[in-house]
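*Asks:* Contents of my_file_0.csv (CSV, C-alpha atoms) are given next:
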```csv
chain,number,residue,atom,x,y,z
A,1,ARG,CA,0.0,0.0,0.0
A,2,CYS,CA,2.9,2.4,0.7
A,3,VAL,CA,6.7,2.3,1.0
A,4,LEU,CA,8.7,4.1,3.8
A,5,LEU,CA,12.2,4.9,2.6
A,6,SER,CA,14.7,5.9,5.4
A,7,GLY,CA,18.3,5.6,6.4
A,8,SER,CA,19.5,3.6,9.4
A,9,GLY,CA,22.8,5.2,10.0
A,10,LYS,CA,24.0,8.7,11.0
A,11,GLY,CA,22.6,10.0,7.7
A,12,PHE,CA,20.3,9.1,5.0
A,13,CYS,CA,22.9,8.8,2.2
A,14,GLY,CA,26.5,10.0,2.0
A,15,GLY,CA,26.7,9.7,-1.8
A,16,ILE,CA,29.7,8.3,-3.7
A,17,ASP,CA,32.4,6.6,-1.7
A,18,ILE,CA,35.3,8.7,-2.7
A,19,THR,CA,37.7,6.1,-1.2
A,20,ASP,CA,36.6,3.6,-3.8
A,21,GLU,CA,39.4,3.7,-6.4
A,22,LYS,CA,37.5,1.3,-8.7
A,23,PHE,CA,34.6,3.7,-9.2
A,24,PHE,CA,36.9,6.5,-10.3
A,25,SER,CA,39.1,4.4,-12.5
A,26,GLY,CA,36.7,4.7,-15.3
A,27,ILE,CA,36.0,2.0,-17.8
A,28,SER,CA,38.5,-0.8,-17.9
A,29,PRO,CA,38.4,-3.7,-20.4
A,30,ASP,CA,37.2,-7.2,-19.5
A,31,SER,CA,40.0,-9.1,-17.8
A,32,SER,CA,39.5,-11.9,-20.3
A,33,SER,CA,40.1,-9.7,-23.3
A,34,ASP,CA,43.3,-10.1,-25.3
A,35,ASP,CA,43.4,-6.4,-26.1
A,36,ASP,CA,45.8,-4.3,-24.1
A,37,GLU,CA,44.0,-1.4,-22.3
A,38,SER,CA,46.1,1.2,-24.0
A,39,SER,CA,45.2,0.0,-27.4
A,40,ILE,CA,41.4,0.5,-26.9
A,41,ASP,CA,40.4,3.9,-28.1
A,42,MET,CA,38.2,6.3,-26.1
A,43,ALA,CA,35.1,5.8,-28.2
A,44,ARG,CA,35.1,2.1,-27.5
A,45,LYS,CA,35.7,2.6,-23.8
A,46,ALA,CA,32.8,5.1,-23.7
A,47,LEU,CA,30.4,2.7,-25.4
A,48,ALA,CA,31.4,-0.1,-23.0
A,49,PHE,CA,30.9,2.2,-20.0
A,50,LYS,CA,27.4,3.5,-21.0
A,51,PRO,CA,25.5,0.3,-19.9
A,52,GLN,CA,26.9,0.8,-16.4
A,53,ILE,CA,25.4,4.3,-16.2
A,54,THR,CA,22.1,3.1,-17.6
A,55,GLU,CA,22.0,0.2,-15.1
A,56,MET,CA,22.5,2.6,-12.2
A,57,GLN,CA,19.8,4.9,-13.7
A,58,ALA,CA,17.4,2.0,-13.9
A,59,ALA,CA,17.9,1.2,-10.2
A,60,PHE,CA,16.6,4.7,-9.2
A,61,THR,CA,13.8,4.7,-11.9
A,62,ALA,CA,12.5,1.4,-10.4
A,63,LEU,CA,11.7,3.4,-7.2
A,64,GLU,CA,9.9,6.1,-9.2
A,65,GLU,CA,7.9,3.4,-11.1
A,66,CYS,CA,6.9,1.6,-7.9
A,67,PRO,CA,3.1,1.5,-8.2
A,68,VAL,CA,2.4,2.5,-4.6
A,69,PRO,CA,3.5,5.8,-3.1
A,70,VAL,CA,7.0,6.1,-1.7
A,71,VAL,CA,7.5,8.3,1.4
A,72,ALA,CA,11.1,9.3,2.1
A,73,ALA,CA,12.1,10.2,5.7
A,74,ILE,CA,15.4,12.0,5.4
A,75,HIS,CA,17.9,12.8,8.2
A,76,GLY,CA,21.5,13.8,8.5
A,77,ALA,CA,23.4,13.9,5.2
A,78,CYS,CA,21.5,13.5,2.0
A,79,VAL,CA,24.3,13.9,-0.6
A,80,GLY,CA,24.7,13.0,-4.3
A,81,ALA,CA,22.9,9.7,-4.8
A,82,GLY,CA,20.7,10.5,-1.8
A,83,ILE,CA,19.2,13.4,-3.9
A,84,ASP,CA,18.9,11.1,-6.9
A,85,MET,CA,17.0,8.6,-4.7
A,86,THR,CA,14.7,11.0,-2.9
A,87,CYS,CA,13.8,12.7,-6.2
A,88,CYS,CA,12.2,9.4,-7.1
A,89,ALA,CA,10.1,9.4,-3.9
A,90,ASP,CA,6.5,10.7,-4.0
A,91,VAL,CA,6.6,12.5,-0.6
A,92,ARG,CA,9.7,13.8,1.1
A,93,ILE,CA,10.0,15.0,4.7
A,94,CYS,CA,13.2,15.6,6.7
A,95,SER,CA,14.5,16.2,10.1
A,96,PRO,CA,15.8,19.7,11.2
A,97,ASN,CA,19.4,18.6,11.0
A,98,THR,CA,19.3,17.4,7.4
A,99,VAL,CA,22.0,18.7,5.1
A,100,PHE,CA,21.4,18.3,1.3
A,101,SER,CA,23.9,18.6,-1.5
A,102,ILE,CA,24.0,18.0,-5.2
A,103,ARG,CA,27.7,17.3,-4.8
A,104,GLU,CA,28.7,15.8,-8.2
A,105,ALA,CA,30.1,19.0,-9.7
A,106,ARG,CA,32.5,19.4,-6.9
A,107,LEU,CA,33.8,15.8,-7.6
A,108,GLY,CA,34.4,16.6,-11.3
A,109,LEU,CA,31.3,15.0,-12.9
A,110,ALA,CA,27.7,15.9,-13.8
A,111,ALA,CA,25.0,14.0,-11.9
A,112,ASP,CA,23.9,11.3,-14.3
A,113,VAL,CA,21.4,9.1,-12.6
A,114,GLY,CA,18.4,11.4,-12.3
A,115,THR,CA,18.9,14.6,-10.2
A,116,LEU,CA,19.4,16.9,-13.1
A,117,GLN,CA,16.3,15.6,-14.8
A,118,ARG,CA,14.0,15.2,-11.8
A,119,PHE,CA,15.1,17.8,-9.3
A,120,PRO,CA,14.1,20.8,-11.5
A,121,LYS,CA,10.8,19.3,-12.4
A,122,LEU,CA,10.1,19.0,-8.6
A,123,VAL,CA,11.1,22.5,-7.6
A,124,GLY,CA,11.5,24.5,-10.8
A,125,PHE,CA,14.3,25.5,-13.2
A,126,GLY,CA,15.1,28.8,-11.4
A,127,SER,CA,18.3,30.5,-10.5
A,128,ARG,CA,18.6,28.9,-7.0
A,129,VAL,CA,18.3,25.4,-8.5
A,130,ARG,CA,21.0,26.0,-11.0
A,131,GLU,CA,23.2,27.5,-8.3
A,132,LEU,CA,22.9,24.4,-6.2
A,133,CYS,CA,23.7,22.2,-9.2
A,134,PHE,CA,26.6,24.2,-10.4
A,135,THR,CA,28.3,24.9,-7.0
A,136,GLY,CA,27.6,21.6,-5.2
A,137,GLU,CA,27.1,23.6,-2.0
A,138,ASP,CA,25.1,22.4,1.0
A,139,PHE,CA,21.6,23.5,1.5
A,140,SER,CA,19.6,23.1,4.7
A,141,SER,CA,16.2,21.5,5.6
A,142,GLU,CA,14.8,25.1,5.6
A,143,ASP,CA,16.1,25.7,2.1
A,144,ALA,CA,14.6,22.3,1.0
A,145,LEU,CA,11.3,23.3,2.4
A,146,ASN,CA,11.3,26.8,0.9
A,147,ILE,CA,12.0,25.5,-2.6
A,148,GLY,CA,9.4,22.7,-2.2
A,149,PHE,CA,11.8,19.7,-2.2
A,150,VAL,CA,10.3,18.5,1.1
A,151,SER,CA,6.8,19.0,2.2
A,152,ARG,CA,7.6,19.4,5.9
A,153,ILE,CA,10.3,19.3,8.6
A,154,SER,CA,9.8,17.1,11.6
A,155,LYS,CA,9.9,18.7,15.0
A,156,SER,CA,13.0,16.6,15.8
A,157,GLU,CA,15.0,13.7,14.3
A,158,SER,CA,13.5,11.3,16.9
A,159,GLN,CA,10.0,12.2,15.6
A,160,LEU,CA,10.9,11.9,11.9
A,161,LEU,CA,9.7,8.3,11.4
A,162,GLY,CA,6.6,8.9,13.5
A,163,GLU,CA,5.6,11.8,11.3
A,164,ALA,CA,6.3,9.9,8.1
A,165,ASN,CA,4.1,7.0,9.4
A,166,GLN,CA,1.3,9.5,10.0
A,167,ILE,CA,1.4,10.5,6.4
A,168,ILE,CA,1.5,6.8,5.4
A,169,SER,CA,-1.5,6.1,7.6
A,170,LYS,CA,-3.5,8.8,5.8
A,171,ILE,CA,-2.5,7.4,2.4
A,172,ILE,CA,-3.4,3.8,3.2
A,173,ALA,CA,-6.8,4.8,4.6
A,174,ASN,CA,-7.7,5.5,1.0
A,175,SER,CA,-8.5,3.1,-1.8
A,176,PRO,CA,-5.3,1.4,-3.1
A,177,VAL,CA,-6.8,1.5,-6.6
A,178,ALA,CA,-7.5,5.3,-6.4
A,179,VAL,CA,-4.0,6.0,-4.9
A,180,THR,CA,-2.2,3.8,-7.5
A,181,VAL,CA,-4.1,5.5,-10.4
A,182,THR,CA,-3.4,8.9,-8.9
A,183,LYS,CA,0.3,8.2,-8.8
A,184,SER,CA,0.3,6.8,-12.3
A,185,SER,CA,-1.5,9.9,-13.6
A,186,LEU,CA,0.8,12.4,-11.8
A,187,ASN,CA,3.9,10.7,-13.2
A,188,TYR,CA,2.5,10.5,-16.7
A,189,SER,CA,1.3,14.1,-16.7
A,190,ARG,CA,4.6,15.4,-15.5
A,191,ASP,CA,6.2,14.3,-18.8
A,192,HIS,CA,3.3,14.9,-21.2
A,193,THR,CA,1.0,17.7,-22.3
A,194,VAL,CA,-2.2,18.4,-20.4
A,195,ARG,CA,-4.2,16.9,-23.3
A,196,GLU,CA,-2.2,13.7,-23.2
A,197,GLY,CA,-2.5,13.5,-19.4
A,198,LEU,CA,-6.3,13.9,-19.6
A,199,ASP,CA,-6.5,11.1,-22.2
A,200,HIS,CA,-4.3,8.9,-20.0
A,201,VAL,CA,-6.4,9.3,-16.8
A,202,ALA,CA,-9.6,8.9,-18.8
A,203,LEU,CA,-8.5,5.5,-20.1
A,204,THR,CA,-7.2,4.4,-16.7
A,205,ASN,CA,-10.2,5.6,-14.8
A,206,SER,CA,-12.6,3.9,-17.2
A,207,ALA,CA,-11.5,0.7,-15.6
A,208,ALA,CA,-10.6,2.0,-12.1
A,209,LEU,CA,-14.1,3.5,-11.6
A,210,MET,CA,-15.6,0.0,-11.8
A,211,SER,CA,-13.9,-0.8,-8.5
A,212,GLU,CA,-16.0,-1.7,-5.4
A,213,ASP,CA,-13.7,0.8,-3.6
A,214,LEU,CA,-15.7,3.6,-5.0
A,215,VAL,CA,-18.8,2.7,-3.0
A,216,LYS,CA,-16.8,2.0,0.1
A,217,SER,CA,-15.1,5.4,-0.1
A,218,PHE,CA,-18.4,7.2,-0.6
A,219,MET,CA,-19.8,5.6,2.5
A,220,MET,CA,-16.7,6.4,4.5
A,221,THR,CA,-16.6,10.1,3.5
A,222,SER,CA,-20.3,10.5,4.1
A,223,GLY,CA,-20.0,9.2,7.6
A,224,GLY,CA,-22.0,6.1,7.0
A,225,GLY,CA,-19.5,3.4,7.8
A,226,GLY,CA,-16.3,4.5,9.6
A,227,ALA,CA,-13.0,3.4,8.2
A,228,ALA,CA,-13.3,1.4,5.0
A,229,GLU,CA,-11.6,-1.9,4.5
A,230,PHE,CA,-10.2,-2.3,1.0
A,231,ALA,CA,-9.0,-5.4,-0.6
A,232,PRO,CA,-5.2,-5.5,-1.3
A,233,LEU,CA,-3.9,-5.0,-4.8
A,234,GLN,CA,-3.0,-8.2,-6.7
A,235,PRO,CA,0.6,-9.1,-7.4
A,236,HIS,CA,1.8,-8.1,-10.8
A,237,SER,CA,1.4,-10.7,-13.5
A,238,ARG,CA,4.6,-12.5,-14.5
A,239,LEU,CA,3.5,-12.8,-18.1
```
Take the structure from the file and write it as structure tokens.

*Replies:*
Amino acid sequence: RCVLLSGSGKGFCGGIDITDEKFFSGISPDSSSDDDESSIDMARKALAFKPQITEMQAAFTALEECPVPVVAAIHGACVGAGIDMTCCADVRICSPNTVFSIREARLGLAADVGTLQRFPKLVGFGSRVRELCFTGEDFSSEDALNIGFVSRISKSESQLLGEANQIISKIIANSPVAVTVTKSSLNYSRDHTVREGLDHVALTNSAALMSEDLVKSFMMTSGGGGAAEFAPLQPHSRL
């Protein structure tokens, strides 16, 4: 019905491990290859390295494409890949001590697994966003709230998960069909025109409105039945 995404250590995500020499060594040929590394030209190295980038991109996109809402509870450091990951969440809240950074430019690379594509669509393409991307400087929980990257700041770090679970409780009180279709429509409409978004939700709702959840939800909101009990969504088909 809903996913809670949180970090279990001192921070949510510290980003790239800058002590990992293998990550920064770039593309290297397969050890079984007869070719000497120095004989492989740059174009071939680049073509060999691209699948590694797209594989990492897919790992984050899978979170965005999760059919149920993802609520991110962020604390401590949220750097680099932490921004990539939380951009894929549907709802983001953070603790007062959270420090964010789109750090990649300071490490000599452009963020390439989603931040530059998703972050501006979440908060706008304005001057402040470009400044954060170009400089790699830290920004606070208050900054994140002001630009709309998070929807709220918890009263304290110790209360962060409690507040996240309150949001989740409100989400799962609603029809899982309605919530899933809503997420699907929001994601689709973000990347398409209004007309295309309307056509998409019309097609999806033509089936979703046949759900028994509709009657249960009407009774719940009209005060006729208390909290509604909705059947769970079915597992995705493997065909």

*Asks:* What is the distance, in Å and to one decimal place, between CA of Ser151 (chain A) and CA of Cys94 (chain A)?

*Replies:* 8.5 Å

*Asks:* Identify which of the residues A:Phe60, A:Arg118, A:Glu65, A:Ala72 lies closest to Asn165 (chain A), counting all atoms listed in the file when measuring atom-to-atom distances.

*Replies:*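 Residue with the minimum atom-to-atom distance to Asn165 (chain A): A:Ala72.
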
*Asks:* How many Å separate CA of Val129 (chain A) from CA of Phe149 (chain A)?

*Replies:*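 These atoms are spaced 10.7 Å apart.
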
*Asks:* Could you check the closest approach to Val181 (chain A) for each of A:Thr221, A:Thr204, A:Ser154, A:Ser169 and tell me which residue wins, using only C-alpha atoms?

*Replies:* A:Thr204

*Asks:* Nearest to Pro232 (chain A): which of A:Pro51, A:Ala173, A:Thr19, A:Ser189 is it, counting all atoms listed in the file?

*Replies:*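 So, comparing all the options, the nearest one is A:Ala173.
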